[in-house]
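Data from model_34.txt: compact mmCIF, C-alpha atoms
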# COMPACT_ATOMS: atom_id res chain seq x y z
CA MET A 9 -30.96 18.20 0.96
CA VAL A 10 -30.79 17.76 -2.79
CA GLU A 11 -32.62 20.06 -5.18
CA ARG A 12 -33.80 18.48 -8.41
CA GLY A 13 -33.85 20.79 -11.40
CA SER A 14 -31.19 23.03 -9.88
CA GLY A 15 -28.81 22.52 -12.77
CA MET A 16 -26.39 20.42 -10.72
CA ALA A 17 -26.53 16.63 -10.93
CA VAL A 18 -28.04 15.06 -7.80
CA TRP A 19 -25.00 12.89 -7.14
CA ARG A 20 -22.76 15.98 -7.26
CA GLN A 21 -25.00 17.71 -4.70
CA ILE A 22 -24.71 14.71 -2.40
CA ALA A 23 -20.92 14.59 -2.82
CA SER A 24 -20.70 18.31 -2.07
CA GLU A 25 -22.84 18.05 1.06
CA ILE A 26 -20.84 15.11 2.45
CA GLU A 27 -17.56 16.88 1.63
CA GLN A 28 -18.69 20.01 3.48
CA ALA A 29 -19.74 17.95 6.49
CA ILE A 30 -16.29 16.31 6.59
CA ARG A 31 -14.48 19.64 6.26
CA ARG A 32 -16.64 21.10 9.07
CA GLY A 33 -15.43 18.30 11.29
CA GLN A 34 -18.74 16.44 11.57
CA HIS A 35 -16.89 13.26 10.61
CA ALA A 36 -13.39 12.81 12.07
CA PRO A 37 -10.47 11.31 10.12
CA GLY A 38 -10.86 7.53 10.10
CA ALA A 39 -14.55 7.68 11.11
CA GLN A 40 -16.94 5.30 9.38
CA LEU A 41 -19.56 7.01 7.25
CA PRO A 42 -23.21 5.93 6.95
CA THR A 43 -23.89 3.03 4.60
CA GLU A 44 -25.16 3.45 1.03
CA LYS A 45 -28.60 2.36 2.24
CA GLN A 46 -28.61 4.94 5.04
CA LEU A 47 -27.44 7.72 2.71
CA SER A 48 -29.99 6.81 0.04
CA GLU A 49 -32.74 7.10 2.66
CA GLN A 50 -31.28 10.35 4.00
CA PHE A 51 -31.16 12.02 0.59
CA GLY A 52 -34.20 10.29 -0.92
CA VAL A 53 -32.32 8.80 -3.86
CA ASN A 54 -31.41 5.34 -5.07
CA ARG A 55 -28.19 3.62 -4.03
CA HIS A 56 -26.64 4.00 -7.49
CA THR A 57 -26.78 7.79 -7.11
CA VAL A 58 -25.15 7.57 -3.68
CA ARG A 59 -22.48 5.27 -5.10
CA GLN A 60 -21.65 7.85 -7.78
CA ALA A 61 -21.20 10.50 -5.10
CA MET A 62 -19.03 8.32 -2.87
CA ASN A 63 -16.87 7.12 -5.77
CA ARG A 64 -16.23 10.76 -6.63
CA LEU A 65 -15.16 11.51 -3.04
CA ALA A 66 -12.92 8.43 -3.12
CA GLU A 67 -11.30 9.67 -6.33
CA THR A 68 -10.44 12.98 -4.65
CA GLY A 69 -8.90 11.12 -1.70
CA LEU A 70 -11.36 12.49 0.86
CA VAL A 71 -13.08 9.15 1.44
CA SER A 72 -11.78 5.58 1.56
CA ILE A 73 -14.05 2.75 0.36
CA GLU A 74 -12.99 -0.62 1.76
CA GLN A 75 -14.67 -3.73 0.43
CA GLY A 76 -16.43 -5.66 3.15
CA ARG A 77 -15.86 -2.91 5.75
CA GLY A 78 -17.60 0.21 4.50
CA MET A 79 -16.81 3.85 3.77
CA PHE A 80 -14.48 5.94 5.91
CA VAL A 81 -13.18 9.48 6.09
CA ALA A 82 -9.59 9.36 4.87
CA GLU A 83 -7.07 9.41 7.69
CA ARG A 84 -4.05 11.66 7.81
CA ALA A 85 -1.23 10.22 5.74
CA LEU A 86 1.24 7.93 7.51
CA ASP A 87 4.80 9.29 7.53
CA TYR A 88 6.85 6.30 6.32
CA ALA A 89 10.62 6.71 6.63
CA LEU A 90 13.05 5.32 4.06
CA GLY A 91 16.52 5.04 5.56
CA ALA A 92 19.58 2.83 5.24
CA ARG A 93 18.26 0.41 7.86
CA THR A 94 14.51 0.94 7.59
CA ARG A 95 12.57 -2.11 8.74
CA PHE A 96 8.84 -2.36 8.03
CA THR A 97 7.86 -3.60 11.50
CA GLU A 98 10.09 -1.20 13.46
CA ASN A 99 9.08 1.69 11.21
CA LEU A 100 5.41 1.30 12.03
CA LEU A 101 5.90 0.51 15.69
CA THR A 102 7.72 3.83 16.15
CA LYS A 103 4.55 5.50 14.80
CA GLN A 104 2.41 3.54 17.29
CA LYS A 105 0.94 1.51 14.41
CA GLN A 106 0.45 -2.25 14.44
CA PRO A 107 2.26 -3.77 11.42
CA LEU A 108 1.10 -6.78 9.44
CA ARG A 109 2.75 -8.20 6.33
CA GLU A 110 0.65 -10.84 4.54
CA LEU A 111 2.10 -13.18 1.93
CA VAL A 112 -0.10 -12.99 -1.18
CA SER A 113 1.93 -15.29 -3.44
CA ALA A 114 5.35 -16.89 -3.84
CA MET A 115 6.79 -18.21 -7.09
CA GLN A 116 10.08 -18.91 -8.79
CA ILE A 117 10.84 -16.80 -11.88
CA ALA A 118 13.67 -16.14 -14.32
CA ALA A 119 15.30 -12.82 -13.47
CA PRO A 120 14.34 -9.98 -15.86
CA ALA A 121 17.28 -7.91 -17.08
CA ASP A 122 16.67 -4.91 -14.80
CA ILE A 123 16.30 -6.93 -11.60
CA ALA A 124 19.20 -9.22 -12.52
CA ARG A 125 21.40 -6.16 -13.05
CA ALA A 126 20.36 -4.68 -9.69
CA LEU A 127 21.20 -7.95 -7.92
CA GLY A 128 24.45 -8.50 -9.84
CA LEU A 129 23.16 -11.71 -11.45
CA PRO A 130 23.00 -12.98 -15.03
CA THR A 131 19.68 -12.35 -16.77
CA GLY A 132 17.48 -15.43 -16.42
CA SER A 133 18.91 -16.50 -13.06
CA GLY A 134 16.45 -18.13 -10.70
CA LEU A 135 14.66 -15.73 -8.35
CA TRP A 136 12.03 -16.08 -5.68
CA GLN A 137 9.27 -13.51 -6.14
CA LEU A 138 7.26 -12.89 -2.97
CA GLU A 139 4.23 -10.60 -3.18
CA THR A 140 3.14 -9.11 0.14
CA LEU A 141 0.21 -6.96 1.24
CA ASN A 142 1.23 -4.60 4.02
CA ARG A 143 -1.03 -3.04 6.67
CA ALA A 144 -0.79 -0.48 9.45
CA ASP A 145 -3.46 -0.89 12.16
CA GLY A 146 -5.39 -3.02 9.67
CA LYS A 147 -5.32 -0.38 6.92
CA LYS A 148 -3.79 -1.49 3.62
CA ILE A 149 -0.90 0.84 2.86
CA SER A 150 1.22 -0.94 0.26
CA VAL A 151 1.87 -3.95 -1.93
CA SER A 152 5.47 -5.16 -2.33
CA SER A 153 7.29 -7.47 -4.72
CA HIS A 154 10.41 -8.96 -3.11
CA TYR A 155 13.05 -10.76 -5.21
CA PHE A 156 15.74 -13.06 -3.78
CA PRO A 157 18.36 -15.25 -5.51
CA VAL A 158 17.19 -18.86 -5.36
CA ASP A 159 20.75 -20.20 -5.14
CA ARG A 160 21.43 -18.22 -1.97
CA PHE A 161 17.97 -18.54 -0.40
CA PRO A 162 16.51 -21.85 -1.59
CA ALA A 163 13.84 -21.91 1.16
CA MET A 164 12.88 -18.22 1.23
CA PRO A 165 9.06 -18.68 0.95
CA GLU A 166 9.07 -21.14 3.83
CA LEU A 167 11.35 -18.91 5.89
CA PHE A 168 8.99 -15.98 5.39
CA ARG A 169 5.94 -18.05 6.34
CA ARG A 170 7.72 -19.25 9.46
CA HIS A 171 8.97 -15.86 10.66
CA GLY A 172 6.32 -13.53 9.21
CA SER A 173 8.85 -10.88 8.20
CA ILE A 174 11.55 -10.26 5.61
CA THR A 175 14.09 -9.42 8.33
CA GLY A 176 13.37 -12.67 10.16
CA ALA A 177 13.52 -14.70 6.95
CA LEU A 178 16.86 -13.18 5.90
CA LYS A 179 18.31 -13.74 9.37
CA ALA A 180 17.26 -17.39 9.25
CA GLY A 181 18.78 -17.58 5.76
CA GLY A 182 22.19 -16.44 7.02
CA VAL A 183 21.94 -12.63 6.70
CA PRO A 184 21.90 -11.20 10.26
CA ASP A 185 21.91 -7.59 9.07
CA TYR A 186 21.34 -5.68 5.84
CA ARG A 187 21.01 -2.11 4.59
CA ARG A 188 19.66 -0.22 1.61
CA ARG A 189 22.14 0.47 -1.12
CA PHE A 190 19.75 2.82 -2.92
CA THR A 191 16.07 3.65 -3.33
CA ARG A 192 14.29 5.22 -6.30
CA VAL A 193 10.80 6.70 -5.87
CA ALA A 194 8.35 7.65 -8.63
CA ALA A 195 4.61 8.22 -9.01
CA LYS A 196 2.81 5.61 -11.11
CA LEU A 197 -0.72 4.80 -12.17
CA ILE A 198 -1.98 1.88 -10.14
CA ALA A 199 -2.07 -1.55 -11.78
CA ALA A 200 -5.37 -3.45 -11.79
CA SER A 201 -4.03 -6.20 -9.50
CA ASP A 202 -2.72 -3.66 -6.96
CA ALA A 203 -5.99 -1.71 -7.07
CA ARG A 204 -7.85 -4.89 -6.10
CA LEU A 205 -5.46 -5.69 -3.26
CA LEU A 206 -5.45 -2.13 -1.89
CA ASP A 207 -9.19 -1.49 -2.48
CA LEU A 208 -8.37 1.63 -4.50
CA PRO A 209 -9.96 3.06 -7.66
CA ARG A 210 -7.96 2.60 -10.87
CA SER A 211 -7.71 6.40 -11.12
CA ARG A 212 -5.57 6.69 -7.96
CA PRO A 213 -1.77 6.99 -8.21
CA VAL A 214 0.74 5.02 -6.19
CA LEU A 215 4.21 5.93 -5.00
CA GLN A 216 6.54 3.23 -6.26
CA SER A 217 9.89 2.67 -4.60
CA GLU A 218 12.61 0.39 -5.93
CA THR A 219 15.26 -0.71 -3.46
CA VAL A 220 18.32 -2.93 -3.37
CA ASN A 221 19.28 -4.32 0.03
CA VAL A 222 22.81 -5.59 0.64
CA ASP A 223 24.43 -7.68 3.35
CA GLU A 224 27.32 -6.67 5.62
CA ARG A 225 29.81 -7.43 2.83
CA GLY A 226 27.90 -5.26 0.35
CA ARG A 227 26.48 -8.19 -1.65
CA PRO A 228 22.90 -7.69 -2.92
CA VAL A 229 20.41 -9.95 -1.15
CA GLU A 230 17.05 -8.47 -2.16
CA PHE A 231 15.42 -6.26 -4.76
CA VAL A 232 12.11 -4.70 -3.65
CA ARG A 233 9.47 -2.94 -5.73
CA ALA A 234 6.90 -1.46 -3.33
CA ARG A 235 3.72 0.39 -4.30
CA PHE A 236 2.36 2.71 -1.61
CA ALA A 237 -1.19 4.11 -1.59
CA ALA A 238 -0.41 7.78 -2.22
CA ASP A 239 -3.49 8.92 -0.28
CA HIS A 240 -2.41 7.06 2.85
CA VAL A 241 1.39 7.38 2.93
CA VAL A 242 4.03 10.12 2.78
CA LEU A 243 7.54 8.80 2.08
CA THR A 244 10.33 10.52 4.00
CA ILE A 245 13.91 9.97 2.84
CA GLU A 246 16.30 9.80 5.78
CA HIS A 247 20.01 10.64 5.36
CA ASP A 248 21.94 8.30 7.59

Before we go any further, please render this structure as structure tokens.
Amino acid sequence: MVERGSGMAVWRQIASEIEQAIRRGQHAPGAQLPTEKQLSEQFGVNRHTVRQAMNRLAETGLVSIEQGRGMFVAERALDYALGARTRFTENLLTKQKQPLRELVSAMQIAAPADIARALGLPTGSGLWQLETLNRADGKKISVSSHYFPVDRFPAMPELFRRHGSITGALKAGGVPDYRRRFTRVAAKLIAASDARLLDLPRSRPVLQSETVNVDERGRPVEFVRARFAADHVVLTIEHD
């Protein structure tokens, strides 16, 4: 229980007690924790104090706070492979995880210089930008921005909606197979929009990967900028 006047802030005492309980194994990875109301009654404090404690545990990566669902002990990080022919759905199924890729938005944009260069297009060329939210067993693990040449894939948003996957959409658009030409990975501070989609604090980092996928003739078909929740995912580079 908390001790007022001990020299340690009450919310820090609560955070410490919950952390110790997790490390002792009283709450298993992925287990749902008591609600703010239940914890406030348990410790005899107001909900704001409990919220301070839980936000601190979320910042350290020990606890995951999911809007509308509750508070959970962080699960062990998912090992996500990046190889020449990595496919989101197959990747997760091999880990016994149920994949889901949700289309957040689709719009046509003028290609920025860096993406145009990666796709071998003139700057300002028409691109489809598809934003997707990606889940494993319902847990949000990443947000991805996918860019496709409009001239080659004029119906890409509709193809994705119809097939529910990038692989299916590309196949329907005339690309039966594709592979990664390269991938760059770097740690970044999370953007506000990604933090909202992934239910993460603004203080948490993301692992950002940038990838160019090419068809069987080596022509670029897609540029991808994916942001992975660093607390939930470990990226493994495979040498094919």

Grab the atom CA of A:Gly38 to atom CA of A:Val193 distance for me, in Å with one decimal place.
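Taking atom CA of A:Gly38 as the start and atom CA of A:Val193 as the end point, the length is 26.9 Å.
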
Would you pick out the contacts of A:Arg93 at 10 Å or less, using only C-alpha atoms, so that residues sharing its chain but fewer than 2 positions from it are not included, and give the list as number ranges by chain?
A: 89-91, 95-96, 99, 185-189, 221, 246, 248

File dump, residues just selected, C-alpha atoms, as a short mmCIF file (atom, residue, chain, number, x, y, z; two decimals), keeping the file's coordinate frame:
data_model
loop_
_atom_site.label_atom_id
_atom_site.label_comp_id
_atom_site.auth_asym_id
_atom_site.auth_seq_id
_atom_site.Cartn_x
_atom_site.Cartn_y
_atom_site.Cartn_z
CA ALA A 89 10.62 6.71 6.63
CA LEU A 90 13.05 5.32 4.06
CA GLY A 91 16.52 5.04 5.56
CA ARG A 95 12.57 -2.11 8.74
CA PHE A 96 8.84 -2.36 8.03
CA ASN A 99 9.08 1.69 11.21
CA ASP A 185 21.91 -7.59 9.07
CA TYR A 186 21.34 -5.68 5.84
CA ARG A 187 21.01 -2.11 4.59
CA ARG A 188 19.66 -0.22 1.61
CA ARG A 189 22.14 0.47 -1.12
CA ASN A 221 19.28 -4.32 0.03
CA GLU A 246 16.30 9.80 5.78
CA ASP A 248 21.94 8.30 7.59
#

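Closest approach to A:Leu205 among A:Leu127, A:Ala238, A:Val112, A:Ala180: A:Val112, based on all atoms listed in the file.
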
Once you count all atoms listed in the file, which residues end up no further than 12 Å from (-5.1, -3.8, 18.2) in the file's frame, shown as number ranges by chain?
A: 104-108, 144-147

Best match for closeness to A:Ala124 among A:Tyr155, A:Arg55, A:Gly33, A:Arg77, counting only C-alpha atoms
A:Tyr155

For atom CA of A:Arg125 and atom CA of A:Ala203, the interatomic separation in Å (one decimal):
28.4 Å

A:Thr94, A:Ser173, A:Ser150, A:Gln50: which is nearest A:His240, counting all atoms listed in the file?
A:Ser150

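Here atom CA of A:His154 stands at a distance of 9.6 Å from atom CA of A:Leu135.
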